[in-house]
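> Sharing a structure, written as structure tokens. Questions coming.
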Amino acid sequence: MPELLNDLPISNNIKSALQEAEGPLDKLLMFVRTHERGSLTIMPNSSSVPDINQAFVTATDWAATTLETIN
Amino acid sequence: MYPDSSADSILLARQPIFDNDLSLFAYELLFRNNHVNQANIEEFDDDHATSQVINHTFLEFGINRVLGDKHDVLDVTRAFLAGEFPLPFKSKDIVLEILEDIEIDDEVIKAVKELSEQGFTIALDDFIYHENSKPLVDVANIIKIVLLTLSEQGLIDHVDILKQFDVKLLAEKIDTDAQYQQCKQLGFDLYQGYFFCKPTIIDDEPLPDNKAAALQIISELQRPNISFTEVENLVKQDTSLSYKLLRCLNSAAFALPKHVNSLKQAVFYLGLDAIRSWAIIIAFSSVESPISGALLNTALIRAKIAEFLAEPVDCEPENTFILGLFSSVDAFFN
């Protein structure tokens, strides 16, 4: 992730996850990236697979509705 | 959630497949088994559990929510082919993928022919050509090839042989733009992978002004405790954003009791948080990119999943939403 984030007013947790792959948000970021490849190597600590499936389906539905709304 | 707890370890995901114009051709639904969390691995029946999740996905979640109007690609094992588990869907728009570890015999060929006659599109997964597989190739519509399983010459030979059949060639596990270009030149028709999420050029070139400005506005908008006046001023900085946001808020999706002409009027009906979220999404979507449709969709899904899973990891949902959104930003701003 390039330096373009440096001057933006976003929290340091987000910056360090995106730029250095560090900090409390990093594992969540790794999870969303690997999940779309169908990988189970990184799982959020306390979310069960059915919770994740539910989040995935709801998010997919929400994204489709959102894209329709803004287009 | 499922009648049988073994299905609780099947993770659902999907991967996009693109055609030569980089238009979305289909999604492949993935059902991955998280054996790690499985107490009784010995007793685990993969096909049984997968069949439950497929049923659940199709019947309860509603497959349209996962696939939209696109084709769907589903893996099938021998047990499915042999009819042990019913396929809970109609043939239209469904591609059945015959897994590479299924031994090709008369029973399999007969089953695949029947499914093809019912109208299913047939794909062969991780395919490597040999004489025995010819009867299946004759029935198949799509042949999937994993780049890394073949040498460069092997790949060229496969394309030469398979192009003689009436099939579409699909290149799997395409992770970079270079791989996509290479396969396109060789004569492939379809491409599966997340190459579109990776930036094609990595360098220190400055961002174009409009894109840098969009990122700045999004970052300002997501600050906690932002006031209405601040949101209003940020949106006003970008006339296109102001226009699109008001047009969106006046759309049928919001069903406002009357047409609104300003954010001040809109905030009365929808509240500041909603206005702010939509401003962020519209600002993000305005950044053009060759395949921004798929990329934007991916970014939004990442953001929303991260928002949902914020609590278990002890983070603020607003933070994790932005994290997911920005996770693809290097590809977006390419």
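Labels for the structure tokens follow display order: chains A, B, ..., residues from 1 in each chain, ligands from 1.
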Output as a tab-separated table one row per residue of chain A within 6 Å of chain B: the closest atom pair and its distance in Å to one decimal place, counting only C-alpha atoms, sorted by chain and residue number ascending.

residue	atom	partner	partner_atom	distance
A:Pro9	CA	B:Ser219	CA	5.6
A:Ile10	CA	B:Ser219	CA	5.8
A:Ile14	CA	B:Leu323	CA	5.8
A:Val32	CA	B:Arg302	CA	5.8
A:Glu36	CA	B:Ala13	CA	5.9
A:Gly38	CA	B:Ala13	CA	5.3
A:Ser46	CA	B:Pro312	CA	5.6
A:Val49	CA	B:Ser9	CA	5.7
A:Pro50	CA	B:Asp8	CA	5.9
A:Asn53	CA	B:Leu12	CA	5.7
A:Ala55	CA	B:Ile305	CA	5.6
A:Ala59	CA	B:Ile301	CA	5.3
A:Thr60	CA	B:Ile301	CA	5.7
A:Asp61	CA	B:Arg65	CA	5.0
A:Ala63	CA	B:Leu300	CA	5.7
A:Ile70	CA	B:Cys248	CA	5.7
> Using the selection just defined, write its residues with C-alpha atoms as an mmCIF file, in the first residue's frame.

data_model
loop_
_atom_site.group_PDB
_atom_site.id
_atom_site.type_symbol
_atom_site.label_atom_id
_atom_site.label_comp_id
_atom_site.auth_asym_id
_atom_site.auth_seq_id
_atom_site.Cartn_x
_atom_site.Cartn_y
_atom_site.Cartn_z
ATOM 1 C CA PRO A 9 -7.118 11.716 8.387
ATOM 2 C CA ILE A 10 -7.777 8.020 9.011
ATOM 3 C CA ILE A 14 -6.206 1.393 9.574
ATOM 4 C CA VAL A 32 -11.419 -10.540 4.123
ATOM 5 C CA GLU A 36 -12.803 -14.198 -1.230
ATOM 6 C CA GLY A 38 -12.211 -19.431 -0.473
ATOM 7 C CA SER A 46 -14.375 -15.498 17.701
ATOM 8 C CA VAL A 49 -18.259 -20.330 10.115
ATOM 9 C CA PRO A 50 -22.074 -19.880 10.042
ATOM 10 C CA ASN A 53 -21.400 -17.222 5.875
ATOM 11 C CA ALA A 55 -22.025 -11.943 6.953
ATOM 12 C CA ALA A 59 -22.753 -8.204 2.496
ATOM 13 C CA THR A 60 -23.070 -9.547 -1.064
ATOM 14 C CA ASP A 61 -26.753 -8.703 -1.151
ATOM 15 C CA ALA A 63 -23.355 -4.524 -2.207
ATOM 16 C CA ILE A 70 -26.024 4.635 -6.861
#
> Work out how far atom CA of B:Ile226 is from atom CA of A:Asn12, in Å to one decimal.
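Between these atoms lies a distance of 17.8 Å.
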> Hey, which of B:Ser133, B:Gln265, B:Gln192, B:Gln237 ends up closest to B:Glu100? Count only C-alpha atoms.
B:Ser133
